[in-house]
$ cat data21.cif   # mmCIF, C-alpha atoms and all ligand atoms
data_entry
#
loop_
_atom_site.label_atom_id
_atom_site.label_comp_id
_atom_site.auth_asym_id
_atom_site.auth_seq_id
_atom_site.Cartn_x
_atom_site.Cartn_y
_atom_site.Cartn_z
CA MET A 3 -18.82 34.25 6.05
CA THR A 4 -15.11 34.50 6.90
CA GLU A 5 -12.34 34.93 4.39
CA ALA A 6 -11.97 32.19 1.77
CA PHE A 7 -9.29 29.51 2.03
CA SER A 8 -7.29 30.01 -1.16
CA ILE A 9 -5.65 27.18 -3.03
CA GLY A 10 -3.65 26.49 -6.17
CA ILE A 11 -3.92 23.12 -7.87
CA ALA A 12 -0.79 21.79 -9.59
CA GLY A 13 -1.65 18.90 -11.91
CA LEU A 14 -4.94 18.44 -13.76
CA GLY A 15 -4.86 14.72 -14.44
CA THR A 16 -7.54 12.34 -13.22
CA VAL A 17 -7.28 13.29 -9.54
CA GLY A 18 -6.66 17.02 -10.04
CA VAL A 19 -9.76 17.26 -12.23
CA GLY A 20 -11.68 15.24 -9.63
CA VAL A 21 -10.73 17.77 -6.97
CA VAL A 22 -11.95 20.67 -9.14
CA LYS A 23 -15.25 18.85 -9.77
CA ILE A 24 -15.94 18.18 -6.09
CA LEU A 25 -15.06 21.75 -5.10
CA GLN A 26 -17.39 23.07 -7.81
CA THR A 27 -20.35 20.73 -7.31
CA HIS A 28 -20.29 20.72 -3.49
CA ALA A 29 -19.10 24.32 -3.01
CA ASP A 30 -21.89 25.39 -0.61
CA MET A 31 -21.86 22.23 1.47
CA ILE A 32 -18.06 22.33 1.73
CA ALA A 33 -18.11 26.03 2.74
CA GLU A 34 -20.53 25.20 5.56
CA ARG A 35 -18.39 22.32 6.76
CA ALA A 36 -15.13 24.27 6.50
CA GLY A 37 -16.68 27.40 8.02
CA ARG A 38 -15.42 29.37 5.02
CA PRO A 39 -15.46 29.04 1.22
CA ILE A 40 -12.67 27.19 -0.53
CA LYS A 41 -11.44 29.31 -3.43
CA ILE A 42 -9.44 27.89 -6.31
CA VAL A 43 -7.20 30.83 -7.21
CA SER A 44 -4.90 29.19 -9.74
CA VAL A 45 -4.23 25.94 -11.56
CA THR A 46 -1.37 24.62 -13.61
CA ALA A 47 -0.60 21.52 -15.71
CA GLY A 48 1.43 20.47 -18.75
CA ASN A 49 -1.06 21.67 -21.35
CA LYS A 50 -3.13 24.81 -20.82
CA ASN A 51 -5.54 24.25 -23.70
CA LYS A 52 -6.53 20.63 -23.24
CA ASP A 53 -10.27 19.97 -22.77
CA ARG A 54 -10.54 18.28 -19.40
CA GLY A 55 -14.32 18.22 -19.19
CA VAL A 56 -14.33 20.76 -16.39
CA ASP A 57 -14.53 24.55 -16.51
CA ILE A 58 -11.27 26.11 -15.32
CA SER A 59 -11.77 29.45 -17.09
CA GLY A 60 -12.39 31.27 -13.81
CA TYR A 61 -8.98 30.39 -12.38
CA ASP A 62 -5.58 31.95 -13.06
CA TRP A 63 -3.14 29.78 -14.97
CA ALA A 64 0.23 29.59 -13.15
CA ASP A 65 3.06 29.59 -15.67
CA SER A 66 5.31 27.40 -13.57
CA LEU A 67 5.28 25.27 -10.46
CA ASP A 68 7.47 27.78 -8.70
CA ASN A 69 5.20 30.68 -9.61
CA MET A 70 2.36 28.81 -7.94
CA ALA A 71 4.49 27.89 -4.92
CA GLN A 72 5.42 31.54 -4.42
CA ASP A 73 1.98 33.04 -4.99
CA THR A 74 1.33 35.01 -1.81
CA ARG A 75 -2.45 34.81 -2.29
CA LEU A 76 -2.46 31.07 -1.58
CA ASP A 77 -3.00 29.32 1.75
CA ALA A 78 -2.26 25.89 0.31
CA VAL A 79 -0.82 24.22 -2.77
CA ILE A 80 -2.55 21.03 -3.88
CA GLU A 81 0.11 18.85 -5.57
CA MET A 82 -1.50 16.32 -7.91
CA ILE A 83 1.48 15.48 -10.13
CA GLY A 84 3.44 12.76 -8.33
CA GLY A 85 7.05 11.59 -8.39
CA SER A 86 9.55 11.54 -5.59
CA GLU A 87 12.27 13.76 -7.08
CA GLY A 88 12.78 16.72 -9.37
CA PRO A 89 10.61 19.81 -9.88
CA VAL A 90 7.67 18.52 -7.85
CA LYS A 91 9.82 18.06 -4.77
CA GLY A 92 11.30 21.51 -5.37
CA MET A 93 7.84 23.06 -5.67
CA ILE A 94 6.69 21.47 -2.41
CA GLU A 95 9.79 22.69 -0.60
CA ASN A 96 9.20 26.13 -2.07
CA ALA A 97 5.55 26.19 -1.00
CA LEU A 98 6.34 25.05 2.54
CA SER A 99 9.22 27.52 2.87
CA THR A 100 6.93 30.35 1.91
CA GLY A 101 4.32 29.40 4.52
CA LYS A 102 1.81 27.39 2.49
CA HIS A 103 0.23 24.10 3.49
CA VAL A 104 0.65 21.28 0.99
CA VAL A 105 -1.97 18.64 0.16
CA THR A 106 -0.69 15.70 -1.84
CA ALA A 107 -1.35 12.10 -2.87
CA ASN A 108 2.37 11.60 -3.43
CA LYS A 109 3.32 8.54 -1.37
CA ALA A 110 6.68 8.06 -3.09
CA LEU A 111 7.81 11.57 -2.16
CA LEU A 112 6.73 11.19 1.47
CA ALA A 113 8.12 7.66 1.85
CA HIS A 114 11.54 8.89 0.66
CA HIS A 115 11.67 12.47 1.96
CA GLY A 116 8.84 12.67 4.51
CA VAL A 117 10.91 13.53 7.55
CA ALA A 118 12.85 16.38 5.90
CA LEU A 119 9.64 17.80 4.42
CA ALA A 120 7.79 17.47 7.75
CA LYS A 121 10.63 19.40 9.43
CA LEU A 122 10.41 22.11 6.80
CA ALA A 123 6.65 22.31 7.31
CA GLU A 124 7.08 22.64 11.09
CA GLU A 125 9.69 25.38 10.74
CA ASN A 126 7.17 27.35 8.68
CA ASN A 127 4.10 26.63 10.85
CA VAL A 128 2.31 24.75 8.11
CA THR A 129 1.72 21.07 7.41
CA ILE A 130 1.54 18.43 4.70
CA ALA A 131 -1.80 16.61 4.39
CA TYR A 132 -1.78 13.30 2.49
CA GLU A 133 -4.93 11.28 3.16
CA ALA A 134 -5.11 10.42 -0.55
CA ALA A 135 -1.58 8.98 -0.55
CA ILE A 136 -2.55 5.83 1.34
CA ALA A 137 -5.40 3.63 0.11
CA GLY A 138 -7.09 6.36 -1.96
CA GLY A 139 -10.57 7.00 -0.61
CA ILE A 140 -10.17 5.14 2.70
CA PRO A 141 -9.68 7.70 5.51
CA VAL A 142 -6.92 5.72 7.18
CA VAL A 143 -4.61 8.65 7.98
CA LYS A 144 -7.40 10.34 9.92
CA THR A 145 -8.27 7.08 11.64
CA LEU A 146 -4.72 6.39 12.81
CA ARG A 147 -3.76 9.97 13.66
CA GLU A 148 -7.01 11.02 15.31
CA GLY A 149 -9.55 8.24 15.82
CA LEU A 150 -7.07 5.77 17.32
CA SER A 151 -4.78 8.28 19.02
CA ALA A 152 -5.60 6.88 22.49
CA ASN A 153 -4.12 3.52 21.53
CA LYS A 154 -0.74 1.94 21.22
CA VAL A 155 -1.14 0.43 17.75
CA GLN A 156 0.40 -3.05 17.63
CA ASN A 157 -0.28 -4.37 14.15
CA ILE A 158 -1.26 -3.08 10.75
CA TYR A 159 -2.24 -5.30 7.85
CA GLY A 160 -2.94 -3.70 4.50
CA ILE A 161 -4.08 -4.64 1.03
CA LEU A 162 -2.69 -1.43 -0.42
CA ASN A 163 -2.49 -1.89 -4.17
CA GLY A 164 -5.64 -2.24 -6.24
CA THR A 165 -3.79 -3.35 -9.37
CA CYS A 166 -2.26 -6.34 -7.57
CA ASN A 167 -5.51 -7.24 -5.85
CA TYR A 168 -7.35 -7.03 -9.18
CA ILE A 169 -4.78 -9.26 -10.90
CA LEU A 170 -4.84 -11.88 -8.12
CA SER A 171 -8.67 -11.89 -8.04
CA ASP A 172 -8.91 -12.15 -11.81
CA MET A 173 -6.35 -14.97 -11.97
CA ARG A 174 -8.48 -16.94 -9.51
CA GLU A 175 -11.78 -16.23 -11.25
CA THR A 176 -10.57 -16.94 -14.79
CA GLY A 177 -7.90 -19.57 -14.16
CA ARG A 178 -5.31 -17.53 -16.05
CA ASP A 179 -1.69 -16.87 -15.19
CA PHE A 180 -0.14 -13.59 -14.08
CA GLU A 181 1.33 -12.46 -17.42
CA VAL A 182 -1.95 -12.98 -19.31
CA VAL A 183 -4.05 -11.08 -16.78
CA LEU A 184 -1.50 -8.28 -16.52
CA LYS A 185 -1.43 -7.86 -20.31
CA GLU A 186 -5.22 -7.65 -20.45
CA ALA A 187 -5.29 -5.16 -17.56
CA GLN A 188 -2.75 -3.01 -19.45
CA ASP A 189 -4.78 -3.20 -22.68
CA LEU A 190 -7.89 -2.11 -20.77
CA GLY A 191 -5.99 0.74 -19.08
CA TYR A 192 -6.36 -0.73 -15.56
CA ALA A 193 -2.62 -1.30 -15.18
CA GLU A 194 0.21 1.06 -16.09
CA ALA A 195 2.31 0.45 -19.23
CA ASP A 196 5.25 0.07 -16.84
CA PRO A 197 3.57 -2.03 -14.14
CA SER A 198 6.63 -2.54 -11.96
CA PHE A 199 5.73 0.01 -9.27
CA ASP A 200 2.48 -1.85 -8.74
CA VAL A 201 3.23 -5.53 -9.33
CA ASP A 202 6.66 -5.47 -7.67
CA GLY A 203 5.11 -4.11 -4.48
CA ILE A 204 6.86 -0.73 -4.50
CA ASP A 205 3.72 1.44 -4.53
CA ALA A 206 2.20 -0.61 -1.70
CA ALA A 207 5.47 -0.45 0.22
CA HIS A 208 5.53 3.36 0.00
CA LYS A 209 2.10 3.34 1.63
CA LEU A 210 3.12 0.82 4.28
CA ALA A 211 6.15 2.91 5.24
CA LEU A 212 3.82 5.87 5.85
CA LEU A 213 1.32 3.77 7.80
CA GLY A 214 4.10 2.48 10.07
CA ALA A 215 5.29 6.02 10.75
CA LEU A 216 1.77 7.23 11.57
CA ALA A 217 0.93 4.26 13.73
CA PHE A 218 4.12 3.95 15.73
CA GLY A 219 5.48 7.52 15.84
CA VAL A 220 8.64 6.54 13.94
CA GLU A 221 10.40 7.88 10.88
CA PRO A 222 9.12 6.29 7.66
CA ASP A 223 11.79 3.91 6.42
CA PHE A 224 11.09 2.71 2.91
CA LYS A 225 14.68 1.49 2.45
CA GLY A 226 14.38 -0.77 5.49
CA LEU A 227 11.38 -2.60 4.06
CA ASN A 228 11.43 -6.16 2.74
CA ILE A 229 9.47 -5.99 -0.54
CA GLU A 230 8.23 -8.88 -2.67
CA GLY A 231 5.70 -8.41 -5.43
CA ILE A 232 3.27 -10.82 -7.06
CA ARG A 233 5.11 -11.84 -10.25
CA ALA A 234 6.03 -15.27 -8.84
CA VAL A 235 2.46 -16.17 -7.84
CA GLY A 236 1.06 -18.71 -10.31
CA PHE A 237 -2.54 -19.68 -10.97
CA ASP A 238 -1.63 -23.09 -9.51
CA ASP A 239 -0.76 -21.45 -6.19
CA ILE A 240 -4.06 -19.60 -6.12
CA LYS A 241 -5.88 -22.88 -6.89
CA TYR A 242 -4.05 -24.86 -4.18
CA ALA A 243 -4.45 -22.03 -1.66
CA THR A 244 -8.20 -22.15 -2.33
CA GLU A 245 -8.22 -25.93 -1.73
CA LEU A 246 -6.57 -25.27 1.63
CA GLY A 247 -9.11 -22.53 2.50
CA TYR A 248 -7.07 -19.43 1.69
CA ARG A 249 -6.83 -16.48 -0.68
CA ILE A 250 -3.48 -15.04 -1.79
CA LYS A 251 -3.10 -11.30 -1.16
CA LEU A 252 -0.20 -8.90 -1.49
CA LEU A 253 -0.14 -8.02 2.20
CA GLY A 254 1.69 -5.21 3.93
CA MET A 255 2.39 -5.91 7.58
CA ALA A 256 3.89 -3.68 10.22
CA SER A 257 4.04 -4.39 13.89
CA HIS A 258 5.46 -3.06 17.12
CA ASN A 259 5.79 -5.48 20.00
CA ASP A 260 8.36 -6.88 22.46
CA GLN A 261 10.47 -8.09 19.52
CA GLY A 262 10.73 -4.55 18.16
CA TYR A 263 9.51 -2.88 14.99
CA MET A 264 8.87 -5.02 11.93
CA GLN A 265 7.58 -4.35 8.45
CA THR A 266 7.27 -6.39 5.28
CA MET A 267 5.37 -6.40 1.98
CA GLU A 268 4.86 -9.87 0.51
CA PRO A 269 2.23 -12.17 -0.99
CA CYS A 270 0.57 -14.10 1.85
CA LEU A 271 -2.23 -16.60 2.30
CA VAL A 272 -5.16 -15.38 4.41
CA PRO A 273 -8.29 -17.37 5.29
CA ILE A 274 -11.02 -17.10 2.64
CA ASN A 275 -13.65 -16.09 5.18
CA SER A 276 -11.47 -13.56 7.05
CA ALA A 277 -12.15 -9.85 6.64
CA LEU A 278 -9.06 -9.37 4.46
CA GLY A 279 -9.66 -12.62 2.55
CA SER A 280 -12.91 -11.26 1.21
CA VAL A 281 -11.42 -8.01 -0.12
CA GLU A 282 -11.46 -8.59 -3.87
CA SER A 283 -10.68 -6.89 -7.17
CA VAL A 284 -9.48 -3.27 -7.05
CA PHE A 285 -10.48 -2.76 -3.43
CA ASN A 286 -7.99 -1.86 -0.72
CA ALA A 287 -8.30 -2.55 2.99
CA VAL A 288 -6.43 -1.73 6.17
CA MET A 289 -6.78 -3.63 9.42
CA MET A 290 -5.24 -2.20 12.56
CA ASP A 291 -5.28 -3.26 16.16
CA GLY A 292 -4.75 -1.04 19.14
CA ASP A 293 -4.28 -2.03 22.77
CA TYR A 294 -7.66 -0.61 23.86
CA VAL A 295 -9.78 -0.56 20.73
CA ASP A 296 -8.92 -4.11 19.51
CA LYS A 297 -9.30 -4.65 15.73
CA VAL A 298 -10.50 -1.95 13.34
CA MET A 299 -10.91 -2.68 9.64
CA MET A 300 -11.59 -0.30 6.75
CA GLU A 301 -12.25 -1.26 3.13
CA GLY A 302 -12.81 0.87 0.05
CA ARG A 303 -11.51 2.03 -3.28
CA GLY A 304 -7.79 2.69 -3.27
CA ALA A 305 -7.58 4.60 -6.53
CA GLY A 306 -9.61 6.45 -9.15
CA GLU A 307 -10.86 9.98 -9.62
CA GLY A 308 -13.72 10.11 -7.13
CA PRO A 309 -12.21 8.21 -4.18
CA THR A 310 -8.80 9.87 -4.36
CA ALA A 311 -10.22 13.37 -4.88
CA SER A 312 -12.61 12.76 -1.97
CA SER A 313 -9.61 12.34 0.34
CA VAL A 314 -7.80 15.36 -1.11
CA VAL A 315 -10.83 17.61 -0.56
CA ALA A 316 -11.28 16.28 2.99
CA ASP A 317 -7.71 17.40 3.69
CA ILE A 318 -8.39 20.84 2.19
CA ILE A 319 -11.48 21.21 4.40
CA ASP A 320 -9.47 20.23 7.49
CA LEU A 321 -6.80 22.81 6.69
CA ALA A 322 -9.43 25.48 6.04
CA LYS A 323 -10.84 24.74 9.51
CA GLY A 324 -7.37 25.21 10.99
CA ASN A 325 -6.92 21.48 11.73
CA GLY A 326 -3.35 21.13 10.53
CA LEU A 327 -1.73 18.21 12.39
CA PRO A 328 1.86 16.94 12.69
CA VAL A 329 2.68 15.06 9.50
CA PHE A 330 3.48 11.73 11.19
CA SER A 331 1.24 12.04 14.28
CA VAL A 332 3.95 13.57 16.50
CA ALA A 333 6.35 16.50 16.16
CA THR A 334 9.44 15.56 14.15
CA ASN A 335 11.72 15.90 17.20
CA LYS A 336 9.63 13.14 18.83
CA LEU A 337 9.79 10.76 15.85
CA LYS A 338 11.91 7.72 16.68
CA SER A 339 14.50 6.46 14.24
CA VAL A 340 14.30 2.68 14.61
CA ASP A 341 16.00 -0.38 13.22
CA TRP A 342 13.24 -2.18 11.39
CA GLN A 343 13.54 -5.92 11.60
CA SER A 344 12.39 -8.26 8.93
CA PHE A 345 9.65 -10.77 9.61
CA GLU A 346 12.19 -13.59 9.16
CA ASP A 347 12.10 -14.80 12.72
CA VAL A 348 8.43 -14.05 13.32
CA GLU A 349 6.47 -17.26 13.82
CA SER A 350 3.81 -18.20 11.30
CA CYS A 351 2.61 -21.14 9.28
CA PHE A 352 3.86 -21.44 5.70
CA TYR A 353 2.61 -22.68 2.33
CA LEU A 354 5.15 -24.64 0.27
CA HIS A 355 4.72 -25.66 -3.37
CA LEU A 356 7.26 -28.11 -4.77
CA LYS A 357 7.45 -29.69 -8.19
CA VAL A 358 8.83 -33.22 -8.01
CA LYS A 359 9.45 -36.34 -10.07
CA ASP A 360 6.64 -38.68 -9.08
CA GLU A 361 8.75 -41.56 -7.83
CA LYS A 362 9.58 -43.57 -4.74
CA GLY A 363 11.37 -41.80 -1.86
CA VAL A 364 10.47 -38.22 -2.79
CA LEU A 365 8.25 -37.57 0.21
CA ALA A 366 10.71 -39.21 2.58
CA GLY A 367 13.44 -36.86 1.35
CA ILE A 368 11.26 -33.77 1.70
CA THR A 369 10.00 -34.63 5.17
CA ALA A 370 13.58 -35.32 6.30
CA CYS A 371 14.55 -31.78 5.24
CA LEU A 372 11.57 -30.35 7.13
CA ASP A 373 12.32 -32.50 10.17
CA LYS A 374 15.90 -31.21 10.27
CA GLU A 375 14.49 -27.69 10.77
CA ASN A 376 11.85 -28.86 13.28
CA ILE A 377 9.08 -28.02 10.84
CA SER A 378 5.88 -29.95 11.35
CA VAL A 379 3.38 -30.59 8.51
CA ASP A 380 -0.23 -29.56 9.13
CA ASN A 381 -1.76 -30.26 5.73
CA PHE A 382 -0.62 -31.94 2.56
CA ILE A 383 -1.83 -32.20 -1.06
CA GLN A 384 -0.25 -34.07 -3.97
CA ARG A 385 -1.57 -33.33 -7.47
CA GLY A 386 -0.18 -34.53 -10.73
CA HIS A 387 1.40 -35.95 -12.49
CA ASP A 388 1.81 -34.40 -15.92
CA SER A 389 3.11 -36.10 -19.09
CA ASN A 390 6.70 -35.66 -17.83
CA GLY A 391 5.89 -37.52 -14.63
CA THR A 392 6.00 -34.29 -12.61
CA ALA A 393 3.71 -33.87 -9.63
CA SER A 394 3.00 -30.89 -7.40
CA ILE A 395 3.36 -31.28 -3.66
CA ILE A 396 1.69 -28.68 -1.51
CA ILE A 397 2.50 -28.49 2.19
CA GLU A 398 0.93 -26.32 4.84
CA THR A 399 3.19 -26.21 7.87
CA HIS A 400 2.49 -25.67 11.52
CA ALA A 401 4.04 -22.55 13.06
CA THR A 402 7.69 -22.03 12.22
CA ASN A 403 9.63 -19.08 10.82
CA ALA A 404 11.11 -17.94 7.51
CA ILE A 405 14.67 -18.73 8.61
CA ALA A 406 13.75 -22.40 9.13
CA ILE A 407 11.64 -22.53 5.95
CA ASN A 408 14.37 -20.99 3.79
CA SER A 409 16.99 -23.32 5.09
CA ALA A 410 14.70 -26.36 4.55
CA ILE A 411 14.09 -25.12 1.00
CA VAL A 412 17.83 -25.04 0.26
CA ASP A 413 18.06 -28.71 1.28
CA ILE A 414 14.83 -29.65 -0.55
CA GLU A 415 15.91 -27.99 -3.81
CA ALA A 416 19.16 -29.97 -3.65
CA LEU A 417 17.25 -33.29 -3.66
CA GLY A 418 17.65 -35.05 -7.00
CA ASN A 419 13.94 -35.57 -7.56
CA VAL A 420 12.80 -32.00 -6.79
CA GLN A 421 12.56 -29.79 -9.85
CA GLY A 422 13.02 -26.03 -10.11
CA LYS A 423 12.45 -23.51 -7.37
CA ALA A 424 10.16 -24.05 -4.42
CA ILE A 425 7.43 -21.46 -3.85
CA SER A 426 6.85 -20.47 -0.24
CA MET A 427 4.44 -17.97 1.24
CA ARG A 428 3.56 -16.96 4.76
CA ILE A 429 0.09 -17.87 6.01
CA GLU A 430 -1.47 -15.10 8.12
CA LYS A 431 -4.42 -16.54 10.01
CA LEU A 432 -5.61 -13.08 11.15
N1 LIG B 501 -1.57 2.24 -8.64
C1 LIG B 501 -2.18 2.16 -7.35
C2 LIG B 501 -3.07 0.93 -7.28
C3 LIG B 501 -2.99 3.37 -6.98
O1 LIG B 501 -3.15 0.16 -8.22
O2 LIG B 501 -3.64 0.72 -6.22
C4 LIG B 501 -2.14 4.55 -6.66
O3 LIG B 501 -1.26 4.28 -5.62
#
$ encode --input "data21.cif" --output "structure tokens"
Amino acid sequence: MTEAFSIGIAGLGTVGVGVVKILQTHADMIAERAGRPIKIVSVTAGNKNKDRGVDISGYDWADSLDNMAQDTRLDAVIEMIGGSEGPVKGMIENALSTGKHVVTANKALLAHHGVALAKLAEENNVTIAYEAAIAGGIPVVKTLREGLSANKVQNIYGILNGTCNYILSDMRETGRDFEVVLKEAQDLGYAEADPSFDVDGIDAAHKLALLGALAFGVEPDFKGLNIEGIRAVGFDDIKYATELGYRIKLLGMASHNDQGYMQTMEPCLVPINSALGSVESVFNAVMMDGDYVDKVMMEGRGAGEGPTASSVVADIIDLAKGNGLPVFSVATNKLKSVDWQSFEDVESCFYLHLKVKDEKGVLAGITACLDKENISVDNFIQRGHDSNGTASIIIETHATNAIAINSAIVDIEALGNVQGKAISMRIEKL
């Protein structure tokens, strides 16, 4: 058999250990598929002596990230640490500059610095492989970059954060509100102690920025993304959405059409019986449509040791076979730098939830505000009222856009009998 493909693994947390396990247990099968053995030459992590439940005694211990990056025996460095700045970024730059491929699950790093790192990789005839960075075990990078490469991709829809999807599913199943479910998820170790990256939509937005780049041949632009998380979604909204035939999902959307390039990450209503509506709990899903292939949908686990390590090892096998591809589908000098537009003027139906004093004239006032913006009502529910005489009014609109909805909301919130802030969410009929 030909010479081994030699790697160093930086980071022996859940995913790093998962990578070691797969490479050990499937060594022969992987060598056949790669056409050569994969050899772990060195590893490194914060604590050398910790028992990780996997035998690493046969590998060198690199004393620093830079020592690993500069190790001339290595063909690739497998970065399993994470973080968009600091020593990890430096190590990746160092590895690329010294002619090593990099495999990573680090979406934050690539969403912020992907273009510069891709250029550095090109200059050194190597690449950065990152299947595990987007939707964990779902092979969506390979699908977009290779399987769908004959198509002009028009739309991408993604449920890209398992923590958010778990929280929204659990709220619906147990009738509990966001804060209660989040606290339980943290106590059980399903959600991070600092949950903001997940629940505020940032982690999912990193992934969406990368998907947009891959799909449309443009530079990833995390800063140009509209991002809303799920903190404002109440159990009531989930209940009313269900009455109307919808599930609420944190949905990433990117599209390229005659109106230009658009991307947004926000909670949306999707039909219960649609493909994305039935993606529950920690599962992720990506739906794409191309001009020749039509719709393609993939669902699977977006996090965890096995699924994420599965994608990392698939990347290592590809590199060992010599299948290093341009980081964002095309060479960096072909990547377009585009002005991303928001979805504000994109037509869709909307869900509105208003809390009102249950008294004469309320509906007339609300419908007048909607009428002023040419918004037509498709469906309507009134539920209430509570001991304070407060009722909930739920409106599903016909097609309009966020500009009209937001301006109607300003007028509605100024009505004397409407209480607090209106909740509005886009309805994606998919
Ligand atoms: N924290 C992410 C999730 C997985 O909950 O889906 C890693 O991006």
$ residues_around --input "data21.cif" --residues "Thr266 of chain A" --least-positions-apart "3" --cutoff "7 Å" --atoms "only C-alpha atoms" --output "list in words"
Leu227, Asn228, Ile229, Gly254, Met255, Ala256, Ser344 and Phe345 of chain A
$ axis_aligned_box --input "data21.cif" --around "segment 127-143 of chain A" --padding-each-side "3 Å" --output "AutoDock Vina command-line options"
--center_x -3.2 --center_y 15.1 --center_z 4.4 --size_x 20.7 --size_y 29.0 --size_z 18.8
$ residues_around --input "data21.cif" --residues "Gly324 of chain A" --least-positions-apart "3" --cutoff "12 Å" --atoms "only C-alpha atoms" --output "ChimeraX atom specification"
/A:7,36-38,77-78,103,127-129,317-321,327
$ residues_near_ligand --input "data21.cif" --ligand "ligand LIG 501 (chain B)" --cutoff "6 Å" --atoms "all atoms listed in the file" --output "PyMOL selection string"
chain A and resi 163-165+200+205+304-305
$ atom_distance --input "data21.cif" --atom1 "atom CA of Leu170 of chain A" --atom2 "atom CA of Lys251 of chain A"
7.2 Å
$ closest_residue --input "data21.cif" --among "A:Gln156, A:Ser86, A:Asn126, A:Gln384" --to "Thr100 of chain A" --atoms "only C-alpha atoms"
A:Asn126
$ closest_residue --input "data21.cif" --among "A:Ala206, A:Val143, A:Val235, A:Ser283" --to "Asp172 of chain A" --atoms "only C-alpha atoms"
A:Ser283
$ atom_distance --input "data21.cif" --atom1 "atom CA of Trp63 of chain A" --atom2 "atom CA of Ile83 of chain A"
15.8 Å
$ atom_distance --input "data21.cif" --atom1 "atom CA of Ser312 of chain A" --atom2 "atom CA of Asp57 of chain A"
18.8 Å
$ residues_around --input "data21.cif" --residues "segment 236-240 of chain A" --least-positions-apart "6" --cutoff "9 Å" --atoms "only C-alpha atoms" --output "list in words"
Leu170, Met173, Arg174, Gly177, Arg178, Asp179, Phe180, Tyr248, Arg249, Ile250, His355, Ile396 and Ile425 of chain A
$ closest_residue --input "data21.cif" --among "A:Asp30, A:Glu124, A:His208, A:Arg35" --to "Gly85 of chain A" --atoms "only C-alpha atoms"
A:His208
$ residues_near_point --input "data21.cif" --point "(-5.7, 5.9, 25.9)" --cutoff "10 Å" --atoms "all atoms listed in the file" --output "ChimeraX atom specification"
/A:150-154,292-295
$ write_last_selection --input "data21.cif" --atoms "C-alpha atoms" --output "short mmCIF file (atom, residue, chain, number, x, y, z; two decimals), keeping the file's coordinate frame"
data_model
loop_
_atom_site.label_atom_id
_atom_site.label_comp_id
_atom_site.auth_asym_id
_atom_site.auth_seq_id
_atom_site.Cartn_x
_atom_site.Cartn_y
_atom_site.Cartn_z
CA LEU A 150 -7.07 5.77 17.32
CA SER A 151 -4.78 8.28 19.02
CA ALA A 152 -5.60 6.88 22.49
CA ASN A 153 -4.12 3.52 21.53
CA LYS A 154 -0.74 1.94 21.22
CA GLY A 292 -4.75 -1.04 19.14
CA ASP A 293 -4.28 -2.03 22.77
CA TYR A 294 -7.66 -0.61 23.86
CA VAL A 295 -9.78 -0.56 20.73
#
$ closest_residue --input "data21.cif" --among "A:Val281, A:Ile414, A:Val358, A:Ala71" --to "Ala97 of chain A" --atoms "all atoms listed in the file"
A:Ala71
$ residues_around --input "data21.cif" --residues "Ser313 of chain A" --least-positions-apart "5" --cutoff "9 Å" --atoms "all atoms listed in the file" --output "PyMOL selection string"
chain A and resi 107+132-135+138-141+308+318
$ closest_residue --input "data21.cif" --among "A:Val315, A:Met264, A:Cys351, A:Arg428" --to "Leu252 of chain A" --atoms "all atoms listed in the file"
A:Arg428
